[in-house]
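Heads up, the thing below is written out as structure tokens.
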Amino acid sequence: MTENTDTSDEWAARVIAAVEPLRAVQRRPSVTIEEPALQDVIALLEASTKLASIQDTTGSDARHDRMNIIGAIRGYAEMLFEDSQTLHQAVIDTLPSILAAVESPASNEPPQYINHVTLASGNVQNNRDPGVILAVDDMPENRDLVSRLLSKAGHTVLTAESGEEALELLETMGVDVVLLDLMMPGIGGSEVLRHMKEDERLRATPVVMISGRQDMDQIIACIQAGADDYLLKPFNPVLLQARISAGIERKRWHDREEQYRLQLERNEKFIRATFGRYLSDEIVDEILESPEGLELGGDLREVTIMMSDIRGFTTLSEHLPPQQVVALLNRYLGRMTEIILEHSGTIDEFLGDAVLAVFGAPKKGDDDAERAVKCSIAMQAAMDDINKANLADGLPELKMALALNTGTVVAGNIGSERRSKYGFVGHAMNVTSRIEDMSGPGEILISESTLAKLNGNYTTGQRRELRVKGIEEDVIVYPILGVTP
Amino acid sequence: MTTPSNKTILLVEDNELNRDMLVRRLTRVGHTVICAGDGETALQKMRADNPALVLLDMNLPIKDGWTTCREARADDAISSIPIIALTAHAMDSDRKTALDLGCDDYATKPIDFPDLLAKIEQQLSKTADE
């Protein structure tokens, strides 16, 4: 899934916890479980034990295994539930929470009801997750049939007799699943589908196509165009219910995902707003001092450039819930910002987990390179505390790679009249980025040009040569191992 | 719901726990089930046992579900056996690929059992009509 968040371990933990009462009941001497249910109970308990044994593993294989095992637990629990008239009450009592836990996390959301549509009254069957269904068909008897079947199952059914009407309804109504007849006069099913897929607000609404068997080619074309499912006429009522439930479940997944994405976006804005201002204070001062500073363009100056990032952070963030990613970034970037400002560095940019900072602009100092190295050492040292705090919060350990390079760059307001920012351009920037690529986790790699500017005594490691596109000579770099007292 | 037909179903699934569970559930509603844990064995059993239907997980060792499906469709002796693909949840692209490759239907994991049974029935009644 564009499902970048792996919540499967949390889900697994919930399932394991929900199975424990059954394990306790099975051990009780007073409770006898007869065959064939006994086998189901034992298999279910074994599956949960297996699930617990792989709980600390990560990666897509582990996720796949977990999903499969949860699937097995769900199957056994459903079988036991079907058998419930022959089961001991103590066993039956444990089943609802197991069945609730094995449901996909997305369907924990209560369904969104709309209030201005009349709900079908009468015998409403229990439905796990009722939704709003739009049935589009030009034949009145088909609309009635679908309407009756789905209302009976507890869904709210809207109907449209043409593609035009369907599109109109979709404009104003919150619909969970569209049941769409392929062959209609006027705007046909594939046309309605195309409109929906082109409309950002409707794109995610699942569509189930309905058609005769002779139109299979068009059905395949519709599925390629983004339809989620299909049903052949005359359709089986059980199959109709199943497709609708699957569609609703898909919609709930999507809604949940959308919520996560919005939250992540809000948090990112917050980070930018919080940390971004540290750059402007200094720069605003300089601009105020010299009115010509407002002009676009800039001046050439020698600066020491610092680039750092967290090794493997992108991969890591794909396996963590968004809240944890944001918690990790906040803690890390917050501390790094403090240290860089203490050393009078200018933070130019945060790109996700990467930091770009410059020493020597807008204010030139005598010890720009020196401060940059001291700052780097302090930053690496701070990682220990950050990781201790992460560990205490159950967050993963982070390793930062860091690079320094000294060179001439153009510094100034770069951009268009409408949108410009104080920034830096030049080959030295690219070289720094290449050095940073080479820098290992926990390492500080500095270029020869930075080393030449240092007055203090620093222990350096093995000299390395680095080929950089666009310059003849290799760039010489050294790892900084520490300060010699 | 219609009574399930007593025809052999080949279940191809590598996860043992999930496979055992599905065998038990399908057997309980009256199906005869044989199993394979990888795509290669699945093709061998399709040729040897001529099952009425194949439930094919896509994520398989040795030979994955996609390749297995393609090869089954290319082999005249077994090309008419209906295949229901079992695909991972929410992978839209998988579902399209499954139908493109000639699978007759698909069910998404986690398996909704009544839905799967309905799909099995539909496939079995289709072959019975022909």
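In the structure tokens, each chain is lettered A, B, ... as it comes, each chain's residues begin at 1, and ligands are numbered from 1 in order of appearance.
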
Write out as a Markdown table a residue-level contact list of chain B versus chain A with cut-off 8 Å: for each qualifying residue the closest pair of atoms and the distance in Å to one decimal, counting only C-alpha atoms, rows sorted by chain and residue number upward.
```
| residue | atom | partner | partner_atom | distance |
| --- | --- | --- | --- | --- |
| B:Met1 | CA | A:Val238 | CA | 7.7 |
| B:Asn15 | CA | A:Asn68 | CA | 6.8 |
| B:Leu17 | CA | A:Ala72 | CA | 6.0 |
| B:Asn18 | CA | A:Ala72 | CA | 4.5 |
| B:Arg19 | CA | A:Ala72 | CA | 7.9 |
| B:Met21 | CA | A:Ala72 | CA | 5.7 |
| B:Leu22 | CA | A:Gly75 | CA | 7.3 |
| B:Arg25 | CA | A:Met79 | CA | 7.1 |
| B:Ala90 | CA | A:Met1 | CA | 6.0 |
| B:Met91 | CA | A:Met1 | CA | 6.1 |
| B:Asp92 | CA | A:Asp228 | CA | 7.2 |
| B:Lys96 | CA | A:Gln224 | CA | 6.4 |
| B:Leu99 | CA | A:Ile220 | CA | 7.7 |
| B:Asp100 | CA | A:Ile220 | CA | 7.7 |
| B:Lys109 | CA | A:Gly71 | CA | 7.4 |
| B:Pro110 | CA | A:Gly71 | CA | 5.3 |
| B:Ile111 | CA | A:Gly71 | CA | 6.8 |
| B:Phe113 | CA | A:Gly75 | CA | 7.7 |
| B:Pro114 | CA | A:Ala242 | CA | 7.6 |
| B:Asp115 | CA | A:Ala242 | CA | 5.1 |
| B:Ala118 | CA | A:Leu239 | CA | 5.9 |
| B:Lys119 | CA | A:Leu239 | CA | 7.1 |
```

Residues near Ala85 in chain B, anyone? I mean within 10 Å using only C-alpha atoms, not counting same-chain ones fewer than 4 positions away, as a ChimeraX atom specification.
/B:12,54-58,65-66,69,94-95,98-99,102-108

Go ahead and write the selection's residues with N, CA and C atoms as a tab-separated table (two decimals), in the first residue's frame.
```
chain	number	residue	atom	x	y	z
B	12	VAL	N	-2.69	-23.62	-2.78
B	12	VAL	CA	-1.25	-23.36	-2.87
B	12	VAL	C	-0.92	-22.18	-1.97
B	54	VAL	N	-8.11	-24.09	-8.32
B	54	VAL	CA	-6.86	-23.81	-7.61
B	54	VAL	C	-7.00	-22.49	-6.86
B	55	LEU	N	-6.64	-22.51	-5.58
B	55	LEU	CA	-6.51	-21.27	-4.80
B	55	LEU	C	-5.02	-20.98	-4.73
B	56	LEU	N	-4.59	-19.89	-5.34
B	56	LEU	CA	-3.16	-19.67	-5.55
B	56	LEU	C	-2.68	-18.41	-4.84
B	57	ASP	N	-1.86	-18.60	-3.82
B	57	ASP	CA	-1.22	-17.46	-3.16
B	57	ASP	C	-0.18	-16.91	-4.14
B	58	MET	N	0.00	-15.59	-4.15
B	58	MET	CA	0.92	-15.00	-5.13
B	58	MET	C	2.35	-14.96	-4.61
B	65	GLY	N	3.50	-17.03	-7.59
B	65	GLY	CA	2.16	-17.25	-8.10
B	65	GLY	C	1.98	-16.75	-9.53
B	66	TRP	N	2.64	-15.61	-9.82
B	66	TRP	CA	2.49	-15.03	-11.17
B	66	TRP	C	3.01	-16.01	-12.22
B	69	CYS	N	0.89	-19.12	-12.54
B	69	CYS	CA	-0.34	-18.87	-13.26
B	69	CYS	C	-0.07	-18.80	-14.77
B	94	ASP	N	-1.76	-5.80	-7.96
B	94	ASP	CA	-1.74	-7.26	-7.95
B	94	ASP	C	-3.03	-7.82	-8.53
B	95	ARG	N	-4.12	-7.19	-8.18
B	95	ARG	CA	-5.40	-7.71	-8.64
B	95	ARG	C	-5.51	-7.62	-10.16
B	98	ALA	N	-3.26	-10.16	-11.75
B	98	ALA	CA	-3.82	-11.50	-11.62
B	98	ALA	C	-4.84	-11.76	-12.72
B	99	LEU	N	-5.73	-10.80	-12.95
B	99	LEU	CA	-6.74	-11.00	-14.00
B	99	LEU	C	-6.09	-11.00	-15.38
B	102	GLY	N	-4.71	-14.21	-16.41
B	102	GLY	CA	-5.66	-15.29	-16.68
B	102	GLY	C	-6.24	-15.93	-15.43
B	103	CYS	N	-6.02	-15.36	-14.26
B	103	CYS	CA	-6.71	-15.86	-13.08
B	103	CYS	C	-8.20	-15.56	-13.27
B	104	ASP	N	-9.07	-16.44	-12.77
B	104	ASP	CA	-10.49	-16.25	-13.00
B	104	ASP	C	-11.11	-15.31	-11.98
B	105	ASP	N	-10.47	-15.20	-10.84
B	105	ASP	CA	-10.99	-14.31	-9.80
B	105	ASP	C	-9.86	-14.10	-8.79
B	106	TYR	N	-10.11	-13.27	-7.80
B	106	TYR	CA	-9.11	-13.10	-6.76
B	106	TYR	C	-9.80	-12.87	-5.44
B	107	ALA	N	-9.08	-13.17	-4.37
B	107	ALA	CA	-9.57	-12.85	-3.03
B	107	ALA	C	-8.41	-12.19	-2.32
B	108	THR	N	-8.72	-11.13	-1.56
B	108	THR	CA	-7.62	-10.44	-0.89
B	108	THR	C	-7.42	-10.99	0.51
```

Distance query Leu232 in chain A at most 6 Å, only C-alpha atoms, self and fewer than 2 positions along chain excluded, as an NGL selection string:
:A and (210-213 or 235)

Name the residues in contact with Met429 in chain A at a cut-off of 8 Å, using only C-alpha atoms, excluding same-chain residues fewer than 5 positions from it; report them as a list in words.
Ile305, Val409 and Phe424 of chain A

Just the residues within 7 Å of range 322-330 of chain A, please, counting only C-alpha atoms, with nothing from its chain fewer than 4 positions along; format it as a list of chain:residue names.
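Returned residues: A:Tyr260, A:Leu264, A:Ser317, A:Gly334, A:Asp353.
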
Run DSSP on the backbone and give me the residues of range 10-92 of chain B it puts in strand (DSSP E or B), as a VMD selection string.
chain B and resid 10 to 12 32 to 36 53 to 57 83 to 87

Resulting file, chosen residues, N, CA and C atoms, as a PDB file, in the first residue's frame:
```pdb
ATOM      1  N   LEU B  10      -7.219 -27.474  -5.056  1.00  0.00           N
ATOM      2  CA  LEU B  10      -5.789 -27.424  -4.756  1.00  0.00           C
ATOM      3  C   LEU B  10      -5.490 -26.074  -4.105  1.00  0.00           C
ATOM      4  N   LEU B  11      -5.001 -26.123  -2.884  1.00  0.00           N
ATOM      5  CA  LEU B  11      -4.657 -24.892  -2.163  1.00  0.00           C
ATOM      6  C   LEU B  11      -3.137 -24.711  -2.198  1.00  0.00           C
ATOM      7  N   VAL B  12      -2.687 -23.615  -2.778  1.00  0.00           N
ATOM      8  CA  VAL B  12      -1.255 -23.362  -2.874  1.00  0.00           C
ATOM      9  C   VAL B  12      -0.919 -22.182  -1.966  1.00  0.00           C
ATOM     10  N   THR B  32     -12.996 -31.244  -0.690  1.00  0.00           N
ATOM     11  CA  THR B  32     -11.789 -32.052  -0.545  1.00  0.00           C
ATOM     12  C   THR B  32     -10.626 -31.164  -0.950  1.00  0.00           C
ATOM     13  N   VAL B  33      -9.606 -31.096  -0.097  1.00  0.00           N
ATOM     14  CA  VAL B  33      -8.520 -30.153  -0.351  1.00  0.00           C
ATOM     15  C   VAL B  33      -7.188 -30.871  -0.421  1.00  0.00           C
ATOM     16  N   ILE B  34      -6.411 -30.579  -1.455  1.00  0.00           N
ATOM     17  CA  ILE B  34      -5.019 -31.007  -1.472  1.00  0.00           C
ATOM     18  C   ILE B  34      -4.158 -29.739  -1.467  1.00  0.00           C
ATOM     19  N   CYS B  35      -2.870 -29.895  -1.092  1.00  0.00           N
ATOM     20  CA  CYS B  35      -2.059 -28.697  -0.875  1.00  0.00           C
ATOM     21  C   CYS B  35      -0.740 -28.727  -1.621  1.00  0.00           C
ATOM     22  N   ALA B  36      -0.224 -27.548  -1.866  1.00  0.00           N
ATOM     23  CA  ALA B  36       1.141 -27.385  -2.344  1.00  0.00           C
ATOM     24  C   ALA B  36       1.705 -26.158  -1.647  1.00  0.00           C
ATOM     25  N   LEU B  53     -10.373 -26.802  -9.010  1.00  0.00           N
ATOM     26  CA  LEU B  53     -10.128 -25.374  -8.781  1.00  0.00           C
ATOM     27  C   LEU B  53      -8.788 -25.206  -8.061  1.00  0.00           C
ATOM     28  N   VAL B  54      -8.111 -24.094  -8.321  1.00  0.00           N
ATOM     29  CA  VAL B  54      -6.864 -23.809  -7.607  1.00  0.00           C
ATOM     30  C   VAL B  54      -6.999 -22.486  -6.857  1.00  0.00           C
ATOM     31  N   LEU B  55      -6.640 -22.505  -5.576  1.00  0.00           N
ATOM     32  CA  LEU B  55      -6.510 -21.270  -4.799  1.00  0.00           C
ATOM     33  C   LEU B  55      -5.017 -20.982  -4.730  1.00  0.00           C
ATOM     34  N   LEU B  56      -4.586 -19.887  -5.344  1.00  0.00           N
ATOM     35  CA  LEU B  56      -3.155 -19.669  -5.547  1.00  0.00           C
ATOM     36  C   LEU B  56      -2.679 -18.408  -4.839  1.00  0.00           C
ATOM     37  N   ASP B  57      -1.861 -18.597  -3.819  1.00  0.00           N
ATOM     38  CA  ASP B  57      -1.217 -17.458  -3.164  1.00  0.00           C
ATOM     39  C   ASP B  57      -0.180 -16.906  -4.136  1.00  0.00           C
ATOM     40  N   ILE B  83      -8.526 -20.633 -11.641  1.00  0.00           N
ATOM     41  CA  ILE B  83      -7.573 -20.216 -10.597  1.00  0.00           C
ATOM     42  C   ILE B  83      -8.124 -18.981  -9.894  1.00  0.00           C
ATOM     43  N   ILE B  84      -8.185 -19.037  -8.572  1.00  0.00           N
ATOM     44  CA  ILE B  84      -8.517 -17.845  -7.783  1.00  0.00           C
ATOM     45  C   ILE B  84      -7.227 -17.390  -7.103  1.00  0.00           C
ATOM     46  N   ALA B  85      -6.803 -16.178  -7.439  1.00  0.00           N
ATOM     47  CA  ALA B  85      -5.563 -15.653  -6.871  1.00  0.00           C
ATOM     48  C   ALA B  85      -5.814 -15.145  -5.464  1.00  0.00           C
ATOM     49  N   LEU B  86      -4.904 -15.455  -4.538  1.00  0.00           N
ATOM     50  CA  LEU B  86      -4.966 -14.879  -3.187  1.00  0.00           C
ATOM     51  C   LEU B  86      -3.905 -13.792  -3.131  1.00  0.00           C
ATOM     52  N   THR B  87      -4.333 -12.530  -3.071  1.00  0.00           N
ATOM     53  CA  THR B  87      -3.360 -11.441  -3.129  1.00  0.00           C
ATOM     54  C   THR B  87      -3.318 -10.698  -1.803  1.00  0.00           C
TER      55      THR B  87
END
```

Give me, as a list in words, all polymer residues having an atom no more than 12 Å from Ser30 in chain A, counting only C-alpha atoms and skipping those fewer than 5 positions away in the same chain.
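Those residues are Ala24, Val25, His88, Gln89, Ala90 and Val91 of chain A.
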
Would you mind exporting C-alpha atoms of the selected residues as an mmCIF file, in the first residue's frame?
```cif
data_model
loop_
_atom_site.group_PDB
_atom_site.id
_atom_site.type_symbol
_atom_site.label_atom_id
_atom_site.label_comp_id
_atom_site.auth_asym_id
_atom_site.auth_seq_id
_atom_site.Cartn_x
_atom_site.Cartn_y
_atom_site.Cartn_z
ATOM 1 C CA ALA A 24 -6.044 -19.369 30.266
ATOM 2 C CA VAL A 25 -9.476 -20.918 29.726
ATOM 3 C CA HIS A 88 -18.245 -24.109 26.843
ATOM 4 C CA GLN A 89 -19.433 -20.605 27.734
ATOM 5 C CA ALA A 90 -15.973 -19.649 29.051
ATOM 6 C CA VAL A 91 -14.508 -20.320 25.597
#
```

Quote the spacing between CA of Gly154 in chain A and CA of Val177 in chain A in Å to one decimal place.
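A separation of 14.0 Å between them.
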
I want to know what sits within 10 Å of Thr57 in chain A, based on only C-alpha atoms, with residues of the same chain fewer than 4 positions away left out; could you give that as JSON, numbers by chain?
{"A": [9, 53, 61, 62, 63, 66]}

Closest of A:Ala77, A:Met438, A:Val192, A:Leu179 to Ala135 in chain A - atom-to-atom distances counting only C-alpha atoms:
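Comparing A:Ala77, A:Met438, A:Val192, A:Leu179 against Ala135 in chain A, the winner is A:Leu179.
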
Got a sec to tell me which of range 287-372 of chain A DSSP assigns to helix (DSSP H, G or I), as a PyMOL selection string?
chain A and resi 287-289+291-294+313-318+322-342+368-372

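The space separating CA of Gly352 in chain A from CA of Glu10 in chain A comes to 24.9 Å.
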